[in-house]
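J.: Dropping in run-v1.cif, with mmCIF, C-alpha atoms and all ligand atoms.
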```
data_upload
loop_
_atom_site.label_atom_id
_atom_site.label_comp_id
_atom_site.auth_asym_id
_atom_site.auth_seq_id
_atom_site.Cartn_x
_atom_site.Cartn_y
_atom_site.Cartn_z
CA MET C 1 103.09 85.90 165.71
CA ILE C 2 102.85 84.84 162.09
CA ARG C 3 100.05 82.30 161.44
CA LEU C 4 100.75 78.95 159.81
CA GLY C 5 98.03 77.71 157.48
CA VAL C 6 98.66 74.10 156.54
CA ASN C 7 97.45 73.17 153.06
CA ILE C 8 96.32 69.53 153.15
CA ASP C 9 95.36 69.11 149.46
CA HIS C 10 98.10 66.53 148.94
CA VAL C 11 96.51 64.24 151.53
CA ALA C 12 93.42 64.14 149.35
CA THR C 13 95.64 63.63 146.29
CA VAL C 14 96.96 60.37 147.75
CA ARG C 15 93.42 59.23 148.52
CA GLN C 16 92.16 60.12 145.05
CA ALA C 17 95.03 58.18 143.46
CA ARG C 18 93.03 55.07 144.43
CA ARG C 19 89.57 56.67 144.75
CA ALA C 20 89.76 55.19 148.26
CA HIS C 21 88.74 56.37 151.75
CA GLU C 22 92.24 56.93 153.11
CA PRO C 23 94.13 58.99 153.97
CA ASP C 24 91.40 61.23 155.32
CA PRO C 25 92.02 65.00 155.12
CA VAL C 26 89.94 65.43 158.28
CA ALA C 27 92.38 63.26 160.23
CA ALA C 28 95.26 65.21 158.70
CA ALA C 29 93.64 68.49 159.73
CA ILE C 30 93.23 67.30 163.31
CA LEU C 31 96.87 66.18 163.54
CA ALA C 32 98.08 69.40 161.89
CA THR C 33 96.13 71.36 164.49
CA LEU C 34 97.68 69.30 167.29
CA GLY C 35 101.06 70.14 165.79
CA GLY C 36 100.33 73.85 166.06
CA ALA C 37 98.72 74.83 162.76
CA ASP C 38 96.82 78.09 163.09
CA GLY C 39 94.57 77.21 160.21
CA ILE C 40 93.79 74.62 157.57
CA THR C 41 93.88 75.56 153.90
CA ILE C 42 92.25 73.59 151.09
CA HIS C 43 91.79 74.25 147.41
CA LEU C 44 88.52 73.04 145.94
CA ARG C 45 89.51 72.84 142.29
CA GLU C 46 87.00 72.87 139.47
CA ASP C 47 88.37 69.51 138.31
CA ARG C 48 88.05 68.09 141.86
CA ARG C 49 91.41 66.39 141.48
CA HIS C 50 92.05 66.26 145.23
CA ILE C 51 89.66 67.90 147.71
CA GLN C 52 86.02 66.83 147.15
CA ASP C 53 82.86 68.72 148.05
CA ARG C 54 82.23 66.34 150.94
CA ASP C 55 85.67 67.14 152.40
CA VAL C 56 84.83 70.83 152.46
CA PHE C 57 81.66 70.22 154.49
CA ARG C 58 83.38 67.79 156.87
CA LEU C 59 86.34 70.12 157.38
CA ARG C 60 84.02 73.05 158.08
CA GLU C 61 82.53 70.99 160.89
CA THR C 62 85.83 69.79 162.34
CA VAL C 63 88.38 72.57 161.89
CA THR C 64 88.45 74.47 165.15
CA THR C 65 90.95 77.11 164.02
CA ARG C 66 90.56 78.89 160.66
CA LEU C 67 89.40 77.27 157.45
CA ASN C 68 90.81 78.97 154.36
CA LEU C 69 89.22 77.92 151.08
CA GLU C 70 91.36 78.55 148.02
CA MET C 71 89.12 78.85 145.00
CA ALA C 72 88.63 80.13 141.50
CA THR C 73 85.75 82.46 140.70
CA ALA C 74 83.68 79.75 138.98
CA GLU C 75 79.97 79.84 139.73
CA ASP C 76 79.62 76.39 141.34
CA ILE C 77 82.63 76.99 143.59
CA LEU C 78 81.33 80.39 144.67
CA ALA C 79 77.96 78.84 145.49
CA MET C 80 79.74 76.20 147.57
CA ALA C 81 81.77 78.82 149.46
CA VAL C 82 78.69 80.86 150.28
CA GLN C 83 77.03 77.72 151.64
CA VAL C 84 80.01 76.44 153.64
CA LYS C 85 81.20 79.82 154.91
CA PRO C 86 84.93 79.27 155.39
CA ASP C 87 86.61 81.81 157.67
CA GLU C 88 88.42 83.06 154.62
CA ALA C 89 88.36 82.55 150.87
CA THR C 90 91.53 83.03 148.85
CA LEU C 91 90.80 83.66 145.18
CA VAL C 92 93.34 82.03 142.88
CA PRO C 93 93.65 81.58 139.11
CA GLU C 94 93.07 78.07 137.83
CA LYS C 95 93.97 76.29 134.62
CA ARG C 96 93.00 72.72 134.05
CA GLN C 97 96.35 71.41 132.88
CA GLU C 98 98.50 73.02 135.56
CA LEU C 99 100.25 70.88 138.17
CA THR C 100 99.60 73.53 140.78
CA THR C 101 98.56 77.18 140.86
CA GLU C 102 100.87 79.05 138.48
CA GLY C 103 101.38 82.74 139.24
CA GLY C 104 98.95 85.13 140.85
CA LEU C 105 95.56 86.38 139.69
CA ASP C 106 95.77 89.21 137.17
CA LEU C 107 93.43 91.69 138.81
CA LEU C 108 93.83 94.22 136.01
CA ALA C 109 92.62 91.74 133.39
CA ASN C 110 89.84 90.20 135.51
CA THR C 111 88.51 93.20 137.41
CA ALA C 112 84.79 92.65 136.89
CA THR C 113 84.83 88.93 137.70
CA VAL C 114 86.91 89.38 140.83
CA ARG C 115 84.83 92.35 141.99
CA ALA C 116 81.63 90.32 141.72
CA ALA C 117 83.20 87.38 143.56
CA VAL C 118 84.56 89.56 146.39
CA GLN C 119 81.17 91.19 146.79
CA ARG C 120 79.35 87.87 146.91
CA LEU C 121 81.75 86.42 149.48
CA HIS C 122 81.60 89.56 151.61
CA ASP C 123 77.81 89.47 151.53
CA ALA C 124 78.08 85.97 153.01
CA GLY C 125 80.37 87.26 155.78
CA ILE C 126 83.52 85.64 154.38
CA ALA C 127 86.86 87.49 154.49
CA VAL C 128 88.58 87.55 151.10
CA ALA C 129 92.25 87.32 150.17
CA LEU C 130 93.48 87.70 146.60
CA PHE C 131 96.48 85.63 145.49
CA ILE C 132 98.64 87.98 143.42
CA ASP C 133 102.17 88.64 142.23
CA PRO C 134 104.18 91.11 144.33
CA GLU C 135 103.54 94.03 141.96
CA PRO C 136 102.35 97.50 143.08
CA ALA C 137 99.66 97.68 140.34
CA GLN C 138 98.16 94.37 141.49
CA ILE C 139 98.25 95.46 145.13
CA GLU C 140 96.51 98.74 144.32
CA ALA C 141 93.90 96.81 142.35
CA ALA C 142 93.36 94.46 145.32
CA LYS C 143 92.72 97.47 147.53
CA ALA C 144 90.33 98.97 144.98
CA LEU C 145 88.47 95.64 144.83
CA GLN C 146 88.03 95.82 148.62
CA ALA C 147 89.99 92.69 149.42
CA ASP C 148 90.69 92.17 153.10
CA ALA C 149 94.07 90.62 152.42
CA ILE C 150 96.48 89.73 149.66
CA GLU C 151 98.40 86.49 149.46
CA LEU C 152 101.65 87.24 147.68
CA GLN C 153 102.78 84.35 145.52
CA THR C 154 106.21 83.17 146.63
CA ALA C 155 106.74 80.80 143.70
CA SER C 156 109.16 83.18 141.94
CA TYR C 157 111.15 83.48 145.18
CA SER C 158 111.05 79.72 145.84
CA GLU C 159 112.17 78.88 142.32
CA ALA C 160 114.95 81.52 142.16
CA ARG C 161 118.44 80.07 141.99
CA GLY C 162 121.61 81.83 143.13
CA ALA C 163 122.04 84.35 145.95
CA ALA C 164 121.48 87.45 143.78
CA ALA C 165 118.26 86.16 142.21
CA ILE C 166 116.92 85.02 145.58
CA ALA C 167 117.73 88.37 147.19
CA HIS C 168 116.03 90.15 144.27
CA GLU C 169 112.82 88.13 144.67
CA TRP C 170 112.93 88.52 148.44
CA GLU C 171 113.23 92.29 148.09
CA LYS C 172 110.18 92.35 145.81
CA LEU C 173 108.20 90.52 148.51
CA ARG C 174 109.48 92.85 151.22
CA ALA C 175 108.65 95.99 149.26
CA ALA C 176 105.24 94.62 148.23
CA THR C 177 104.45 93.81 151.86
CA ALA C 178 105.37 97.31 153.03
CA PHE C 179 103.29 98.85 150.21
CA ALA C 180 100.25 96.68 150.99
CA LEU C 181 100.46 97.35 154.73
CA GLY C 182 100.48 101.07 153.93
CA LEU C 183 97.18 100.60 152.07
CA GLY C 184 95.69 98.79 155.07
CA LEU C 185 95.74 95.30 153.55
CA HIS C 186 96.63 92.17 155.51
CA VAL C 187 99.53 90.28 153.94
CA HIS C 188 99.75 86.53 153.53
CA MET C 189 102.24 84.55 151.46
CA GLY C 190 102.48 81.09 150.01
CA HIS C 191 103.59 78.71 147.32
CA GLY C 192 106.78 76.68 147.26
CA LEU C 193 107.83 77.52 150.80
CA ASN C 194 109.84 74.87 152.62
CA TYR C 195 111.78 74.38 155.84
CA THR C 196 114.77 76.29 154.44
CA ASN C 197 113.49 79.07 152.24
CA VAL C 198 110.79 80.08 154.73
CA ILE C 199 113.35 81.56 157.14
CA PRO C 200 114.04 84.83 155.26
CA ILE C 201 110.30 85.15 154.60
CA VAL C 202 109.32 85.21 158.28
CA ARG C 203 111.83 88.02 158.76
CA ILE C 204 109.79 90.32 156.51
CA PRO C 205 107.98 92.67 158.90
CA GLY C 206 104.20 92.60 158.77
CA VAL C 207 103.52 89.22 157.13
CA GLU C 208 100.56 87.75 159.00
CA GLU C 209 100.06 84.31 157.49
CA LEU C 210 101.92 81.69 155.48
CA ASN C 211 100.10 78.91 153.62
CA ILE C 212 102.31 75.89 153.16
CA GLY C 213 101.38 72.51 151.71
CA HIS C 214 103.82 70.49 149.66
CA SER C 215 106.83 70.64 151.96
CA ILE C 216 104.83 69.89 155.11
CA VAL C 217 102.84 67.00 153.65
CA SER C 218 106.03 65.59 152.11
CA ARG C 219 107.72 65.61 155.50
CA ALA C 220 104.59 64.26 157.13
CA VAL C 221 104.78 61.14 154.95
CA LEU C 222 108.11 60.36 156.62
CA VAL C 223 107.80 61.70 160.17
CA GLY C 224 104.06 62.14 160.71
CA MET C 225 101.81 65.17 160.30
CA GLU C 226 101.92 66.42 163.86
CA ARG C 227 105.71 66.48 163.94
CA ALA C 228 106.04 67.96 160.45
CA VAL C 229 103.76 70.85 161.41
CA ARG C 230 105.43 71.34 164.80
CA GLU C 231 108.85 71.61 163.14
CA MET C 232 107.59 74.27 160.72
CA LYS C 233 105.82 76.15 163.49
CA GLN C 234 109.00 76.15 165.58
CA LEU C 235 110.93 77.62 162.66
CA LEU C 236 108.39 80.42 162.32
CA GLN C 237 108.48 81.12 166.05
CA HIS C 238 112.25 81.07 166.23
CA HIS C 239 112.99 83.25 163.21
CA ALA C 240 110.11 85.73 163.36
CA GLN C 241 111.83 87.62 166.15
CA ALA C 242 115.19 87.81 164.38
CA PRO C 243 116.35 91.19 163.05
CA HIS C 244 115.18 92.14 159.58
CA ARG C 245 117.89 91.50 157.00
CA PRO C 246 118.00 90.27 153.40
CA PRO C 247 118.64 86.58 152.79
CA THR C 248 122.01 85.23 151.75
CA SER C 249 120.62 81.83 150.78
CA ALA C 250 117.30 80.06 150.62
N1 LIG C 301 98.88 79.38 148.48
C1 LIG C 301 98.17 79.19 147.33
C2 LIG C 301 97.29 80.28 146.86
C3 LIG C 301 98.25 77.97 146.63
O1 LIG C 301 97.53 77.80 145.50
C4 LIG C 301 99.05 76.94 147.14
C5 LIG C 301 99.10 75.62 146.44
O2 LIG C 301 97.86 75.02 146.48
C6 LIG C 301 99.76 77.17 148.34
C7 LIG C 301 99.67 78.40 148.98
C8 LIG C 301 100.65 76.13 148.94
O3 LIG C 301 101.73 75.90 148.10
P1 LIG C 301 102.74 74.72 148.38
O4 LIG C 301 101.95 73.45 148.30
O5 LIG C 301 103.76 74.86 147.31
O6 LIG C 301 103.28 74.94 149.78
#
```
Could you take the file, read its structure, and then write that structure out as structure tokens?
Ligand code: PXP

T.:
Amino acid sequence: MIRLGVNIDHVATVRQARRAHEPDPVAAAILATLGGADGITIHLREDRRHIQDRDVFRLRETVTTRLNLEMATAEDILAMAVQVKPDEATLVPEKRQELTTEGGLDLLANTATVRAAVQRLHDAGIAVALFIDPEPAQIEAAKALQADAIELQTASYSEARGAAAIAHEWEKLRAATAFALGLGLHVHMGHGLNYTNVIPIVRIPGVEELNIGHSIVSRAVLVGMERAVREMKQLLQHHAQAPHRPPTSA
């Protein structure tokens, strides 16, 4: 069964809007877990705009499933990861002005930096995923860099408009997944997935994990975290078994 990693960064974003104590990402993580999350994902950004160092330590102590730390390859963040030992680190590109992560890591342009980061995380016993675009050259590079998994960015799919464009992006994700599985990589996906466009994604054979934040936290504001996660989890469970066919809408 496909794993659901719930990204709770936005909970910390609300807290940081007032530099207050609530809402607490630890409480959100507990409720997400009660709702069926298979893991909790957080992004410790260099600018610390949402998740803070203290959150990472507290979540490491309280998350009973899998803690996935999204991170850039910056020295202080790497040092933090090695200390905290998340179950998994997902390396992502980071620009200060971006609203959210934009596009995947370019492994061809950043080979040496990523290789050193993967090595350091592996030495600390941390599994490493690389967040990349669904391109064969990037997937081959991920394999060469000894990543355990790739997280294919689904932003291009999520932002596609019109049935033909959506089907085109979906096919890229399907083909990339098949290619990566053939190389022995685990395949995760994430970015921009919601309660509608996730359905064709879970029909792609071999996808092991989805990391979803914005849509779940947005729904949680209205219906509560536990219910928002349960509804997403039910979608994954219901549609994962359906026959494999291209999407007609998303
Ligand atoms: N995966 C990665 C690597 C991300 O950077 C993000 C956003 O932080 C997500 C998944 C979740 O994206 P969204 O919030 O759009 O669901």

J.: Once you count all atoms listed in the file, which residues end up within 7 Å of ligand LIG 301 (chain C), and could you hand them over as a list in words?

T.: Asn7, His43, Glu70, Thr90, Val92, Thr100, Thr101, Phe131, Glu151, Gln153, Met189, Gly190, His191, Gly192, Leu193, Asn211, Ile212, Gly213, His214 and Ser215 of chain C

J.: Quick one: residues within 12 Å of C:Ala17, all atoms listed in the file counted, chain neighbours fewer than 5 positions away excluded, as a ChimeraX atom specification?

T.: /C:10-12,22-23,49-51

J.: State, in Å with one decimal place, the distance from atom CA of C:Ala32 to atom CA of C:Arg45.

T.: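 Distance between the two atoms: 21.7 Å.
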
J.: Contacts of stretch 72-86 of chain C at 8 Å or less, counting all atoms listed in the file, minus same-chain residues fewer than 4 places along, as a PyMOL selection string?

T.: chain C and resi 44-46+56-57+60+66-68+91-94+113-114+117+120-121+124-126

J.: At a cut-off of 12 Å, using only C-alpha atoms, what residues contact C:His21? Leave out same-chain residues fewer than 4 positions from it and give the result as an MDAnalysis selection string.

T.: chainID C and resid 11:17 25:27 52 54:55

J.: Mind checking which residues fall within 6 Å of stretch 134-144 of chain C, counting all atoms listed in the file, ignoring those fewer than 2 positions away in the same chain, and posting them as a VMD selection string?

T.: chain C and resid 146 to 147 152 173 176

J.: In Å to one decimal, how far is atom CA of C:Thr196 from atom CA of C:Ala165?

T.: 16.1 Å

J.: Of the candidates C:Tyr157, C:Ala112, C:Gly206, C:Asp87, which one gets nearest to C:Phe179 if we count all atoms listed in the file?

T.: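 Among the listed residues, C:Gly206 lies closest to C:Phe179.
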
J.: Which residue out of C:Ile2, C:Ile204, C:Ala160, C:Met71 has the minimum interatomic distance to C:Ala178 when only C-alpha atoms are used?

T.: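 The closest residue to C:Ala178 is C:Ile204.
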
J.: Determine, counting all atoms listed in the file, which protein, DNA and RNA residues have an atom within 8 Å of an atom of C:Val207; residues of the same chain fewer than 2 positions away are not included. Present the result as a list in words.

T.: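 Those residues are Ile2, Thr177, His186, Val187, His188, Met189, Val202, Ile204, Pro205, Glu209 and Leu210 of chain C.
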
J.: Would you mind reading off the distance between atom CA of C:Ile216 and atom CA of C:His168, one decimal, in Å?

T.: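 Separating atom CA of C:Ile216 from atom CA of C:His168 is a distance of 25.6 Å.
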
J.: What are the centre and edge lengths in Å, to one decimal, of the axis-aligned box around all listed atoms of stretch 5-17 of chain C with 8 Å added on each side, as JSON?

T.:
```
{"center_x": 95.4, "center_y": 67.9, "center_z": 150.5, "size_x": 22.5, "size_y": 35.5, "size_z": 30.0}
```

J.: Using all atoms listed in the file, find all polymer residues with an atom at most 9 Å away from the point (104.5, 72.7, 163.4); report them as an NGL selection string.

T.: :C and (4 or 32-37 or 216 or 225-236)
